[in-house]
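Q: The structure follows.
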There are 2 protein chains.
Amino acid sequence: MAGRTSRSGRAEGTRETILTVAERMFAEHGVFAVSNELRQAMPAETGDSADVRDWVACLVRPDTDHLAELGSPTWFARFATQVMTDPVLREIMIDETFGPTIQQTLDGLNRCLPDLPLPVRIERGEMARHLLMHMLAERERALAGNTQATASTWPEYASGLIDAITGIWLAPVTPSTSHGRS
Amino acid sequence: MAGRTSRSGRAEGTRETILTVAERMFAEHGVFAVSNELRQAMPAETGDSADVRDWVACLVRPDTDHLAELGSPTWFARFATQVMTDPVLREIMIDETFGPTIQQTLDGLNRCLPDLPLPVRIERGEMARHLLMHMLAERERALAGNTQATASTWPEYASGLIDAITGIWLAPVTPSTSHGRS
């Protein structure tokens, strides 16, 4: 029982630390603001493209360009993955990063995929966000020296990620039977 | 400085807790073994299918079936995401879960994708694994009561995930220029 109390106390402590750091980061508008400045240029360039990959690039490149500019070690991506596991912090982070530029990108993406049912659209949006976030954290971790990085540069890594996320959006939708094997 | 010392001490404590729990879980062969038993049946059924989606289902369904059988709350998926951020624990978990059944599935998948260059194959394997793991953790977290679950059942959720991961594997490969935009 002592072990259990100590573990849950430690978890609470970790959560408080994350909250404190998050408050400071949001207050200083350091990390997220820079990423948002980079984010603004791309949708305008993309214009009225009907190519899903162009819009996915608008979501991926600002983050990878930002991480490339900062240089290793960064903690931005790993921090974001921790924030996203907490329902309150997640709301704050989504509010902070969501704005007219992201909306413009999502509108462009939606125009390319008019037939995708809404629940699938929501689910794939979640999957794209998680894949992006966790793969950025993976490379950040690799560059920080713990493991081997796969792609040699952030732009190359971005290209592979954009291909994959485009693949998620364009995948055929299998009607779910909710029972039995697919 | 005191804050910094306290934070890094706390991180070390968390890592030790994870190591202790991991040791116990691997030793007892509880969680991973059950998942592996479920995993063995599918590749045999899939036989010599040339459909990527069939092989992806062999990777996804054993985990979702396992989580469905256990019933909420589970910690298996969330625990796995934490383990995967530590290079040593990651090696142990991959060794524990990797066996002839997974190999048979990956061989089947590879036969469907003979033209995919090796670095892309490795990168997409990583992406598929991360997407699967983190989306399982997301739903586990949602079912545990913190947030809203999207799909109503594990088999439905599995179907959406299998579509998306199949999309990642089948996405066209854009030659990376390593400079400039997408």
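Residues in the structure tokens are numbered from 1 in each chain, the chains being A, B, ... in the order shown, and ligands are numbered from 1 in the order shown.
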When you look at Leu116 of chain A with a cut-off of 12 Å (counting only C-alpha atoms), what residues show up, excluding the ones that are within fewer than 5 positions of it in the same chain? I need them as a list in words.
A: Leu109, Asn110, Arg111, Arg121, Ile122, Glu123, Arg124, Gly125, Ile168, Trp169, Leu170, Ala171, Pro172, Val173 and Thr174 of chain A
Q: Please return, as a ChimeraX atom specification, all residues of segment 24-182 of chain B that DSSP assigns to alpha helix (DSSP H) on the basis of the backbone.
A: /B:24-28,31-46,52-70,76-83,87-97,100-112,118-143,154-170
Q: What are the closest atom pairs, with distances in Å to one decimal, for all residues of chain A lying within 6 Å of chain B? Consider only C-alpha atoms, order rows by chain and residue number, and present the result as CSV.
A:
residue,atom,partner,partner_atom,distance
A:Leu131,CA,B:Leu131,CA,5.5
A:Pro155,CA,B:Ser178,CA,5.3
A:Glu156,CA,B:Ser178,CA,4.9
A:Ser159,CA,B:Ser182,CA,6.0
A:Ala164,CA,B:Ile168,CA,4.5
A:Gly167,CA,B:Gly167,CA,4.3
A:Ile168,CA,B:Ala164,CA,4.5
A:Ala171,CA,B:Gly167,CA,4.7
A:Ser176,CA,B:Glu156,CA,5.5
A:Ser178,CA,B:Glu156,CA,4.9
Q: Keeping only C-alpha atoms, write those residues as a PDB file, in the first residue's frame.
A:
ATOM      1  CA  LEU A 131       1.203  10.510 -35.569  1.00  0.00           C
ATOM      2  CA  PRO A 155      12.987  18.233 -44.235  1.00  0.00           C
ATOM      3  CA  GLU A 156      13.511  14.588 -45.283  1.00  0.00           C
ATOM      4  CA  SER A 159       8.543  14.443 -46.439  1.00  0.00           C
ATOM      5  CA  ALA A 164       2.142   8.868 -44.460  1.00  0.00           C
ATOM      6  CA  GLY A 167      -2.038   8.100 -46.915  1.00  0.00           C
ATOM      7  CA  ILE A 168      -4.186   8.145 -43.770  1.00  0.00           C
ATOM      8  CA  ALA A 171      -7.298   5.523 -47.331  1.00  0.00           C
ATOM      9  CA  SER A 176     -17.273  -1.331 -39.804  1.00  0.00           C
ATOM     10  CA  SER A 178     -18.624  -3.850 -35.120  1.00  0.00           C
TER      11      SER A 178
END
Q: So what do you get for atom CA of Thr81 of chain A versus atom CA of Met133 of chain A, distance-wise?
A: 6.5 Å
Q: Just the number, please: distance in Å from atom CA of Phe76 of chain A to atom CA of Thr74 of chain B, one decimal.
A: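 A separation of 28.8 Å between them.
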Q: If I take atom CA of Pro43 of chain B and atom CA of Leu143 of chain B, how far is one from the other in Å, to one decimal?
A: 29.0 Å
